$ cat query36.tsv   # TSV, C-alpha atoms
chain	number	residue	atom	x	y	z
A	10	MET	CA	22.11	51.54	-29.43
A	11	SER	CA	20.31	49.05	-27.17
A	12	LYS	CA	20.18	45.39	-27.95
A	13	LYS	CA	16.91	43.82	-29.03
A	14	PRO	CA	15.31	41.66	-26.33
A	15	VAL	CA	15.78	38.01	-27.08
A	16	VAL	CA	12.62	35.94	-27.41
A	17	ARG	CA	13.18	32.24	-26.95
A	18	LYS	CA	11.01	29.15	-27.06
A	19	PRO	CA	9.95	27.86	-23.63
A	20	SER	CA	12.78	26.05	-21.95
A	21	ARG	CA	12.45	22.35	-21.28
A	22	LYS	CA	13.59	23.04	-17.76
A	23	ILE	CA	10.35	24.80	-16.90
A	24	ALA	CA	7.93	22.84	-19.06
A	25	ASP	CA	5.02	21.52	-17.02
A	26	PRO	CA	2.78	18.66	-18.10
A	27	ARG	CA	-0.04	20.19	-16.01
A	28	ARG	CA	-0.57	16.97	-14.14
A	29	VAL	CA	-0.47	18.82	-10.85
A	30	ARG	CA	-2.47	21.93	-10.19
A	31	TYR	CA	-3.44	23.66	-7.01
A	32	GLY	CA	-5.69	26.38	-5.74
A	33	SER	CA	-8.55	27.56	-7.85
A	34	SER	CA	-6.81	26.66	-11.08
A	35	TRP	CA	-7.40	23.05	-10.21
A	36	ALA	CA	-10.51	21.53	-11.70
A	37	PRO	CA	-11.71	18.00	-12.33
A	38	ARG	CA	-10.83	17.12	-15.90
A	39	VAL	CA	-13.29	14.32	-16.41
A	40	VAL	CA	-16.79	14.72	-15.05
A	41	ARG	CA	-19.29	12.01	-15.81
A	42	PRO	CA	-22.95	12.06	-14.95
A	43	LEU	CA	-23.19	8.53	-13.59
A	44	ASP	CA	-21.13	5.96	-11.75
A	45	LYS	CA	-22.59	2.47	-11.75
A	46	ALA	CA	-20.54	1.43	-8.71
A	47	THR	CA	-22.09	4.11	-6.50
A	48	ARG	CA	-25.56	4.46	-7.98
A	49	ASP	CA	-28.06	5.05	-5.18
A	50	THR	CA	-31.79	4.43	-5.42
A	51	ARG	CA	-32.40	7.00	-2.69
A	52	ALA	CA	-34.54	4.49	-0.87
A	53	ILE	CA	-32.75	5.30	2.38
A	54	ARG	CA	-32.07	8.78	3.67
A	55	PHE	CA	-31.21	9.78	7.18
A	56	GLY	CA	-31.32	12.88	9.27
A	57	SER	CA	-34.11	15.40	9.40
A	58	SER	CA	-33.11	17.29	6.28
A	59	TRP	CA	-34.94	15.04	3.88
A	60	ALA	CA	-38.37	15.56	2.47
A	61	PRO	CA	-41.10	13.05	3.35
A	62	ALA	CA	-41.29	10.05	1.04
A	63	SER	CA	-44.49	11.35	-0.53
A	64	LEU	CA	-42.71	14.49	-1.76
A	65	ARG	CA	-39.67	12.80	-3.23
A	66	LYS	CA	-39.19	12.79	-6.96
B	10	MET	CA	-12.88	-5.25	10.63
B	11	ASN	CA	-11.03	-6.29	13.75
B	12	GLY	CA	-12.23	-5.48	17.22
B	13	THR	CA	-12.12	-6.78	20.76
B	14	LEU	CA	-15.45	-7.22	22.48
B	15	GLN	CA	-15.59	-6.24	26.12
B	16	PRO	CA	-18.36	-7.24	28.49
B	17	ASN	CA	-21.16	-4.68	28.41
B	18	PRO	CA	-19.42	-1.95	26.47
B	19	ALA	CA	-21.10	1.45	26.58
B	20	VAL	CA	-20.96	1.63	22.78
B	21	THR	CA	-20.83	-1.08	20.13
B	22	PHE	CA	-19.90	-0.38	16.53
B	23	TYR	CA	-21.11	-2.64	13.73
B	24	GLY	CA	-18.95	-2.82	10.61
B	25	ALA	CA	-21.15	-2.76	7.53
B	26	VAL	CA	-18.81	-1.84	4.72
B	27	PRO	CA	-16.33	-4.70	4.24
B	28	GLY	CA	-12.68	-4.07	5.00
B	29	ILE	CA	-12.95	-0.63	6.54
B	30	ARG	CA	-10.69	0.58	9.31
B	31	ALA	CA	-12.11	-0.26	12.73
B	32	PRO	CA	-12.74	2.57	15.19
B	33	MET	CA	-9.91	3.07	17.65
B	34	ARG	CA	-9.67	4.48	21.13
B	35	ALA	CA	-9.09	8.20	20.87
B	36	ASP	CA	-5.50	9.05	21.58
B	37	ALA	CA	-4.07	11.15	24.42
B	38	SER	CA	-1.38	12.42	22.04
B	39	VAL	CA	-3.95	13.11	19.28
B	40	LEU	CA	-2.05	10.81	16.92
B	41	GLY	CA	1.23	12.41	17.92
B	42	THR	CA	0.18	15.92	17.01
B	43	LEU	CA	0.05	17.44	20.51
B	44	PRO	CA	2.97	19.55	21.69
B	45	ALA	CA	5.17	17.37	23.90
B	46	ARG	CA	4.71	19.67	26.90
B	47	GLY	CA	0.94	19.41	26.68
B	48	PHE	CA	1.07	15.66	26.22
B	49	GLN	CA	3.31	15.16	29.20
B	50	TYR	CA	1.95	17.62	31.72
B	51	CYS	CA	-1.55	18.71	30.77
B	52	GLU	CA	-3.94	16.06	31.98
B	53	ALA	CA	-6.94	18.15	30.94
B	54	LEU	CA	-5.72	18.07	27.35
B	55	ARG	CA	-4.95	14.36	27.47
B	56	THR	CA	-8.27	13.43	29.04
B	57	ALA	CA	-10.33	15.44	26.55
B	58	SER	CA	-8.30	14.10	23.65
B	59	SER	CA	-8.59	10.46	24.62
B	60	PHE	CA	-12.29	10.51	25.52
B	61	GLY	CA	-14.12	8.16	23.16
B	62	TRP	CA	-13.16	6.64	19.84
B	63	TYR	CA	-11.89	7.80	16.48
B	64	VAL	CA	-13.90	6.82	13.44
B	65	PHE	CA	-12.40	7.01	9.97
B	66	PRO	CA	-13.79	7.57	6.49
B	67	PRO	CA	-14.46	4.21	4.84
B	68	ILE	CA	-12.54	5.14	1.67
B	69	ASP	CA	-10.26	7.90	0.40
B	70	PHE	CA	-12.45	10.38	-1.41
B	71	THR	CA	-12.45	13.97	-2.57
B	72	LEU	CA	-15.16	16.60	-2.72
B	73	GLN	CA	-15.15	19.82	-4.66
B	74	TRP	CA	-17.82	22.49	-4.24
B	75	ASP	CA	-18.34	25.37	-6.61
B	76	GLY	CA	-20.77	27.15	-4.32
B	77	SER	CA	-23.70	25.38	-5.84
B	78	GLN	CA	-22.90	21.86	-6.93
B	79	VAL	CA	-20.72	19.27	-5.23
B	80	LEU	CA	-18.53	17.01	-7.35
B	81	TRP	CA	-16.88	13.97	-5.89
B	82	THR	CA	-14.49	11.21	-6.72
B	83	TYR	CA	-12.95	8.35	-4.79
B	84	ARG	CA	-9.93	6.10	-4.80
B	85	GLY	CA	-10.18	3.91	-7.86
B	86	ALA	CA	-12.72	6.05	-9.71
B	87	LYS	CA	-11.95	7.06	-13.26
B	88	ALA	CA	-13.77	10.37	-13.19
B	89	TRP	CA	-15.57	12.93	-11.06
B	90	TYR	CA	-19.29	12.73	-10.52
B	91	PRO	CA	-21.92	15.25	-9.51
B	92	LEU	CA	-23.03	14.38	-5.98
B	93	THR	CA	-26.68	13.88	-5.26
B	94	SER	CA	-26.54	10.69	-3.28
B	95	ALA	CA	-24.11	7.86	-3.76
B	96	GLN	CA	-23.59	4.40	-2.40
B	97	PHE	CA	-20.20	3.26	-1.14
B	98	PRO	CA	-18.61	1.71	-4.25
B	99	GLY	CA	-20.05	-1.76	-4.73
B	100	PHE	CA	-21.82	-1.74	-1.37
B	101	ALA	CA	-25.41	-1.97	-2.59
B	102	ALA	CA	-24.79	-5.44	-4.00
B	103	GLU	CA	-22.96	-6.55	-0.84
B	104	PHE	CA	-25.81	-5.25	1.31
B	105	ASP	CA	-28.36	-7.12	-0.74
B	106	ARG	CA	-26.34	-10.33	-0.43
B	107	ARG	CA	-26.22	-10.11	3.38
B	108	ALA	CA	-29.48	-8.45	4.37
B	109	PRO	CA	-32.75	-10.28	4.94
B	110	GLN	CA	-34.79	-10.41	1.78
B	111	ARG	CA	-37.32	-7.82	2.95
B	112	LEU	CA	-34.53	-5.27	3.43
B	113	ARG	CA	-32.80	-5.70	0.10
B	114	GLY	CA	-32.56	-2.48	-1.83
B	115	PHE	CA	-32.36	-0.42	1.36
B	116	ALA	CA	-28.62	0.05	1.75
B	117	PRO	CA	-27.74	3.38	3.37
B	118	PRO	CA	-26.05	5.90	1.07
B	119	PHE	CA	-22.39	6.73	1.63
B	120	LEU	CA	-22.55	10.38	0.61
B	121	ALA	CA	-25.48	12.65	0.02
B	122	ALA	CA	-25.76	16.32	-0.81
B	123	VAL	CA	-28.69	17.78	1.10
B	124	PRO	CA	-30.70	20.79	-0.14
B	125	GLU	CA	-28.70	23.32	1.90
B	126	PRO	CA	-25.71	24.58	-0.10
B	127	GLY	CA	-22.43	22.89	0.71
B	128	ILE	CA	-23.84	20.45	3.26
B	129	VAL	CA	-22.95	16.82	2.73
B	130	GLN	CA	-23.97	13.81	4.78
B	131	LEU	CA	-21.27	11.22	5.19
B	132	TRP	CA	-21.86	7.69	6.36
B	133	THR	CA	-18.88	6.14	8.12
B	134	GLY	CA	-19.66	2.59	6.98
B	135	LEU	CA	-20.58	1.68	10.57
B	136	PHE	CA	-23.78	1.14	12.49
B	137	VAL	CA	-23.80	1.96	16.17
B	138	GLU	CA	-25.67	1.09	19.32
B	139	SER	CA	-25.14	1.92	22.96
B	140	ALA	CA	-26.08	0.52	26.34
B	141	GLU	CA	-29.29	1.62	27.98
B	142	ASN	CA	-29.34	5.31	28.93
B	143	TRP	CA	-26.13	5.98	27.02
B	144	SER	CA	-26.04	8.28	24.02
B	145	ILE	CA	-23.22	9.21	21.71
B	146	LEU	CA	-21.82	12.61	20.90
B	147	VAL	CA	-20.53	12.62	17.33
B	148	ARG	CA	-18.08	15.46	16.90
B	149	PRO	CA	-14.81	16.47	15.22
B	150	PRO	CA	-11.75	14.79	16.74
B	151	ALA	CA	-10.80	16.71	19.88
B	152	ASN	CA	-7.68	18.86	19.57
B	153	LEU	CA	-6.81	17.54	16.12
B	154	PRO	CA	-6.00	20.52	13.91
B	155	ARG	CA	-8.93	20.95	11.58
B	156	SER	CA	-9.15	21.48	7.87
B	157	LEU	CA	-10.01	25.01	6.88
B	158	ALA	CA	-11.87	23.64	3.88
B	159	PHE	CA	-14.76	22.08	5.76
B	160	ASP	CA	-16.40	21.96	9.12
B	161	LEU	CA	-18.38	19.31	10.94
B	162	TYR	CA	-21.61	19.62	12.79
B	163	GLU	CA	-21.88	17.94	16.17
B	164	GLY	CA	-24.78	15.78	17.18
B	165	ILE	CA	-25.96	13.74	20.15
B	166	VAL	CA	-27.80	10.55	19.27
B	167	GLU	CA	-29.80	8.35	21.65
B	168	SER	CA	-28.18	5.32	20.15
B	169	ASP	CA	-29.62	2.99	22.79
B	170	ARG	CA	-33.07	3.63	21.31
B	171	TRP	CA	-32.09	4.38	17.70
B	172	PHE	CA	-30.07	1.79	15.86
B	173	GLY	CA	-28.78	2.88	12.50
B	174	PRO	CA	-25.90	4.17	10.41
B	175	LEU	CA	-23.28	6.28	12.16
B	176	PHE	CA	-23.17	9.38	10.00
B	177	THR	CA	-22.13	12.99	10.22
B	178	ASN	CA	-22.84	16.25	8.41
B	179	LEU	CA	-20.08	18.22	6.73
B	180	ARG	CA	-20.27	21.89	5.85
B	181	LEU	CA	-17.98	22.64	2.95
B	182	ILE	CA	-16.31	26.02	3.25
B	183	LYS	CA	-13.80	26.40	0.43
B	184	THR	CA	-14.99	26.50	-3.13
B	185	ASP	CA	-13.25	25.34	-6.28
B	186	VAL	CA	-10.55	23.38	-4.50
B	187	PRO	CA	-10.43	19.64	-3.96
B	188	ILE	CA	-11.11	18.66	-0.35
B	189	HIS	CA	-9.54	15.33	0.46
B	190	PHE	CA	-10.69	12.81	3.04
B	191	SER	CA	-8.37	9.99	3.99
B	192	THR	CA	-8.93	6.66	5.67
B	193	GLU	CA	-5.85	7.45	7.73
B	194	THR	CA	-7.28	10.54	9.38
B	195	PRO	CA	-10.22	10.23	11.74
B	196	ILE	CA	-13.26	12.10	10.54
B	197	VAL	CA	-15.18	12.07	13.82
B	198	GLN	CA	-14.72	11.28	17.47
B	199	VAL	CA	-17.56	9.38	19.09
B	200	GLN	CA	-17.95	9.99	22.80
B	201	PRO	CA	-20.24	8.12	25.16
B	202	LEU	CA	-22.55	10.32	27.18
B	203	HIS	CA	-24.78	9.10	29.95
B	204	ARG	CA	-28.14	10.72	29.32
B	205	SER	CA	-28.17	12.21	32.82
B	206	THR	CA	-25.17	14.39	31.98
B	207	TYR	CA	-26.98	16.44	29.35
B	208	ALA	CA	-30.52	16.32	30.71
B	209	ASP	CA	-32.38	19.63	30.72
B	210	GLU	CA	-32.54	19.45	34.50
B	211	VAL	CA	-28.75	19.68	34.49
B	212	SER	CA	-28.32	22.31	31.78
B	213	ASN	CA	-31.20	24.53	32.87
B	214	ARG	CA	-29.58	25.47	36.15
B	215	PHE	CA	-26.13	26.36	37.28
B	216	GLY	CA	-24.64	27.96	40.35
B	217	LEU	CA	-23.23	31.48	40.30
B	218	ILE	CA	-21.25	33.38	42.90
B	219	GLU	CA	-21.40	36.88	41.54
B	220	SER	CA	-18.31	38.56	42.95
B	221	LEU	CA	-15.10	38.01	44.91
B	222	SER	CA	-16.70	39.46	48.02
B	223	ASP	CA	-19.21	36.62	47.96
B	224	PHE	CA	-16.59	33.86	47.80
B	225	PRO	CA	-17.02	31.53	50.78
B	226	SER	CA	-13.95	30.84	52.87
B	227	GLU	CA	-13.79	27.29	51.51
B	228	ALA	CA	-13.32	28.64	47.98
B	229	TRP	CA	-10.43	30.83	49.17
B	230	SER	CA	-8.86	27.84	50.89
B	231	ARG	CA	-9.09	25.73	47.75
B	232	TYR	CA	-7.61	28.53	45.66
B	233	GLU	CA	-4.76	28.74	48.12
B	234	GLU	CA	-4.20	24.98	48.01
B	235	ASN	CA	-4.44	24.50	44.24
B	236	ILE	CA	-2.92	27.69	42.90
B	237	VAL	CA	-1.06	29.78	45.45
B	238	LYS	CA	0.89	27.16	47.40
B	239	PRO	CA	2.38	25.47	44.32
B	240	ASN	CA	3.52	28.88	43.11
B	241	LEU	CA	5.33	29.50	46.40
B	242	GLU	CA	7.24	26.22	46.21
B	243	PRO	CA	10.92	26.97	45.62
B	244	ALA	CA	11.18	23.86	43.44
B	245	ARG	CA	7.73	23.49	42.01
B	246	ALA	CA	7.06	20.08	40.50
B	247	VAL	CA	5.76	20.29	36.96
B	248	GLY	CA	2.56	18.44	36.12
B	249	ALA	CA	1.44	18.06	39.74
B	250	TYR	CA	-2.24	18.07	38.75
B	251	ALA	CA	-1.57	15.45	36.07
B	252	ALA	CA	0.33	13.24	38.51
B	253	GLU	CA	-2.46	13.46	41.06
B	254	VAL	CA	-5.19	12.60	38.56
B	255	ARG	CA	-3.20	9.63	37.27
B	256	ARG	CA	-2.52	8.43	40.81
B	257	ARG	CA	-6.26	8.47	41.54
B	258	LYS	CA	-6.95	6.56	38.31
B	259	ARG	CA	-4.42	3.91	39.25
B	260	SER	CA	-5.98	3.54	42.70
B	261	GLY	CA	-9.12	2.27	40.99
B	262	CYS	CA	-11.43	4.98	42.27
B	263	PRO	CA	-14.45	4.94	39.90
B	264	VAL	CA	-14.81	8.71	40.10
B	265	HIS	CA	-11.13	9.48	40.18
B	266	ALA	CA	-11.48	13.21	39.97
B	267	GLY	CA	-13.88	13.31	42.95

$ encode --input "query36.tsv" --output "structure tokens"
Amino acid sequence: MSKKPVVRKPSRKIADPRRVRYGSSWAPRVVRPLDKATRDTRAIRFGSSWAPASLRK
Amino acid sequence: MNGTLQPNPAVTFYGAVPGIRAPMRADASVLGTLPARGFQYCEALRTASSFGWYVFPPIDFTLQWDGSQVLWTYRGAKAWYPLTSAQFPGFAAEFDRRAPQRLRGFAPPFLAAVPEPGIVQLWTGLFVESAENWSILVRPPANLPRSLAFDLYEGIVESDRWFGPLFTNLRLIKTDVPIHFSTETPIVQVQPLHRSTYADEVSNRFGLIESLSDFPSEAWSRYEENIVKPNLEPARAVGAYAAEVRRRKRSGCPVHAG
């Protein structure tokens, strides 16, 4: 008669606080819509990729 | 920013963001990353690597692209933010303090996502100008192993006629992974180009000898001198080309390779 497989609680040795992630499992945890320190009025744009001022929202 | 002014430099960088790392002369060893053999004996590699100046990101920051939207964060930030356009942290106020009144409110953005997917404009925190008839080529650092997560476009700017922010365009490649940019790793190499070197008159024409049978005798002689004879030397000196180029440089010849 075969022994029953033993199911144990996760070992402390392999517990991970999930502070470090890599690859595609990594995602920003806190995303906020606005940062006062870097707010830009969009008054200045450079390069040729920008729309003319009259078309800007 | 610390820098040493030389008389009539071909290119002058203006520090705009306070406290950023100054540009530095590009390095023949590519910051120590070149194989020792290449560094010691390959003058072509050394010359290309050390041509111009390294420019660094003004702050440590991270981008993440999901294929549509770019998120970003920076050293000291408490969160990630969707990127449309962003000032360098705290710079808008600093700009307004220093700029003439009529220019207040017109600080250049640090990062901006342009309409094309995954393309981000990055301002280095510097302005740039060059001497008359000199342009700058803004390109990835030569021979520095590149990130597989993003690529850089190259551009030539007539910076003697156009004074403005020194910026570059990034093309993000990898999605859903953080892409880090460090103030310790150069983001671009700026190289001075005299306008005559890339004029259409130069690029539109080139010489062509179509086959070996058309080689003039002088070409055969030069091949013999440069390639064949050194190979016949019983004790061939390594790095002979490198030694010769360096000797000419030391002699003060303005066109040392001539």

$ interface_residues --input "query36.tsv" --of "chain A" --to "chain B" --cutoff "6 Å" --atoms "all atoms listed in the file" --output "PDB file with C-alpha atoms, keeping the file's coordinate frame"
ATOM      1  CA  GLY A  32      -5.690  26.380  -5.740  1.00  0.00           C
ATOM      2  CA  SER A  33      -8.550  27.560  -7.850  1.00  0.00           C
ATOM      3  CA  VAL A  39     -13.290  14.320 -16.410  1.00  0.00           C
ATOM      4  CA  VAL A  40     -16.790  14.720 -15.050  1.00  0.00           C
ATOM      5  CA  ARG A  41     -19.290  12.010 -15.810  1.00  0.00           C
ATOM      6  CA  PRO A  42     -22.950  12.060 -14.950  1.00  0.00           C
ATOM      7  CA  ALA A  46     -20.540   1.430  -8.710  1.00  0.00           C
ATOM      8  CA  THR A  47     -22.090   4.110  -6.500  1.00  0.00           C
ATOM      9  CA  ARG A  48     -25.560   4.460  -7.980  1.00  0.00           C
ATOM     10  CA  ASP A  49     -28.060   5.050  -5.180  1.00  0.00           C
ATOM     11  CA  ALA A  52     -34.540   4.490  -0.870  1.00  0.00           C
ATOM     12  CA  ILE A  53     -32.750   5.300   2.380  1.00  0.00           C
TER      13      ILE A  53
END

$ atom_distance --input "query36.tsv" --atom1 "CA of Asp25 (chain A)" --atom2 "CA of Arg38 (chain A)"
16.5 Å

$ residues_around --input "query36.tsv" --residues "Leu153 (chain B)" --least-positions-apart "2" --cutoff "12 Å" --atoms "only C-alpha atoms" --output "number ranges by chain"
B: 35-44, 54-55, 57-59, 63, 148-151, 155-156, 194-198

$ atom_distance --input "query36.tsv" --atom1 "CA of Ala158 (chain B)" --atom2 "CA of Phe70 (chain B)"
14.3 Å

$ atom_distance --input "query36.tsv" --atom1 "CA of Glu253 (chain B)" --atom2 "CA of Gly47 (chain B)"
15.9 Å

$ closest_residue --input "query36.tsv" --among "B:Val199, B:Ile165, B:Glu141, B:Val129" --to "Trp74 (chain B)" --atoms "all atoms listed in the file"
B:Val129

$ axis_aligned_box --input "query36.tsv" --around "region 37-54 of chain A" --padding-each-side "4 Å" --output "lines of an AutoDock Vina configuration file"
center_x = -22.7
center_y = 9.7
center_z = -6.4
size_x = 31.7
size_y = 24.6
size_z = 28.1

$ residues_around --input "query36.tsv" --residues "region 28-30 of chain B" --least-positions-apart "4" --cutoff "10 Å" --atoms "all atoms listed in the file" --output "PyMOL selection string"
chain B and resi 10-11+24+64-68+133-135+192-193+195

$ closest_residue --input "query36.tsv" --among "B:Phe190, B:Trp171, B:Trp143, B:Phe215" --to "His203 (chain B)" --atoms "all atoms listed in the file"
B:Trp143

$ closest_residue --input "query36.tsv" --among "B:Arg34, B:His189, B:Arg180, B:Arg84" --to "Pro201 (chain B)" --atoms "only C-alpha atoms"
B:Arg34

$ build_atoms --input "query36.tsv" --residues "region 180-197 of chain B" --atoms "N, CA and C atoms" --output "short mmCIF file (atom, residue, chain, number, x, y, z; two decimals), keeping the file's coordinate frame"
data_model
loop_
_atom_site.label_atom_id
_atom_site.label_comp_id
_atom_site.auth_asym_id
_atom_site.auth_seq_id
_atom_site.Cartn_x
_atom_site.Cartn_y
_atom_site.Cartn_z
N ARG B 180 -19.97 20.60 6.50
CA ARG B 180 -20.27 21.89 5.85
C ARG B 180 -19.03 22.30 5.07
N LEU B 181 -19.13 22.26 3.77
CA LEU B 181 -17.98 22.64 2.95
C LEU B 181 -17.81 24.16 3.02
N ILE B 182 -16.58 24.59 3.11
CA ILE B 182 -16.31 26.02 3.25
C ILE B 182 -15.63 26.56 1.99
N LYS B 183 -14.56 25.90 1.58
CA LYS B 183 -13.80 26.40 0.43
C LYS B 183 -14.45 25.96 -0.87
N THR B 184 -14.44 26.84 -1.82
CA THR B 184 -14.99 26.50 -3.13
C THR B 184 -13.85 26.34 -4.13
N ASP B 185 -14.13 25.52 -5.13
CA ASP B 185 -13.25 25.34 -6.28
C ASP B 185 -11.87 24.79 -5.93
N VAL B 186 -11.79 24.12 -4.81
CA VAL B 186 -10.55 23.38 -4.50
C VAL B 186 -10.94 21.97 -4.07
N PRO B 187 -10.11 21.00 -4.39
CA PRO B 187 -10.43 19.64 -3.96
C PRO B 187 -10.23 19.51 -2.44
N ILE B 188 -11.17 18.88 -1.80
CA ILE B 188 -11.11 18.66 -0.35
C ILE B 188 -10.99 17.16 -0.13
N HIS B 189 -9.85 16.77 0.37
CA HIS B 189 -9.54 15.33 0.46
C HIS B 189 -9.91 14.76 1.83
N PHE B 190 -10.38 13.56 1.82
CA PHE B 190 -10.69 12.81 3.04
C PHE B 190 -9.95 11.48 2.96
N SER B 191 -9.24 11.16 4.02
CA SER B 191 -8.37 9.99 3.99
C SER B 191 -8.81 8.97 5.04
N THR B 192 -8.63 7.72 4.70
CA THR B 192 -8.93 6.66 5.67
C THR B 192 -7.92 6.64 6.80
N GLU B 193 -6.87 7.44 6.68
CA GLU B 193 -5.85 7.45 7.73
C GLU B 193 -6.05 8.58 8.73
N THR B 194 -7.01 9.43 8.47
CA THR B 194 -7.28 10.54 9.38
C THR B 194 -8.71 10.41 9.91
N PRO B 195 -8.86 10.39 11.23
CA PRO B 195 -10.22 10.23 11.74
C PRO B 195 -11.10 11.39 11.31
N ILE B 196 -12.33 11.05 10.97
CA ILE B 196 -13.26 12.10 10.54
C ILE B 196 -14.10 12.58 11.72
N VAL B 197 -14.42 11.66 12.63
CA VAL B 197 -15.18 12.07 13.82
C VAL B 197 -14.64 11.35 15.05
#
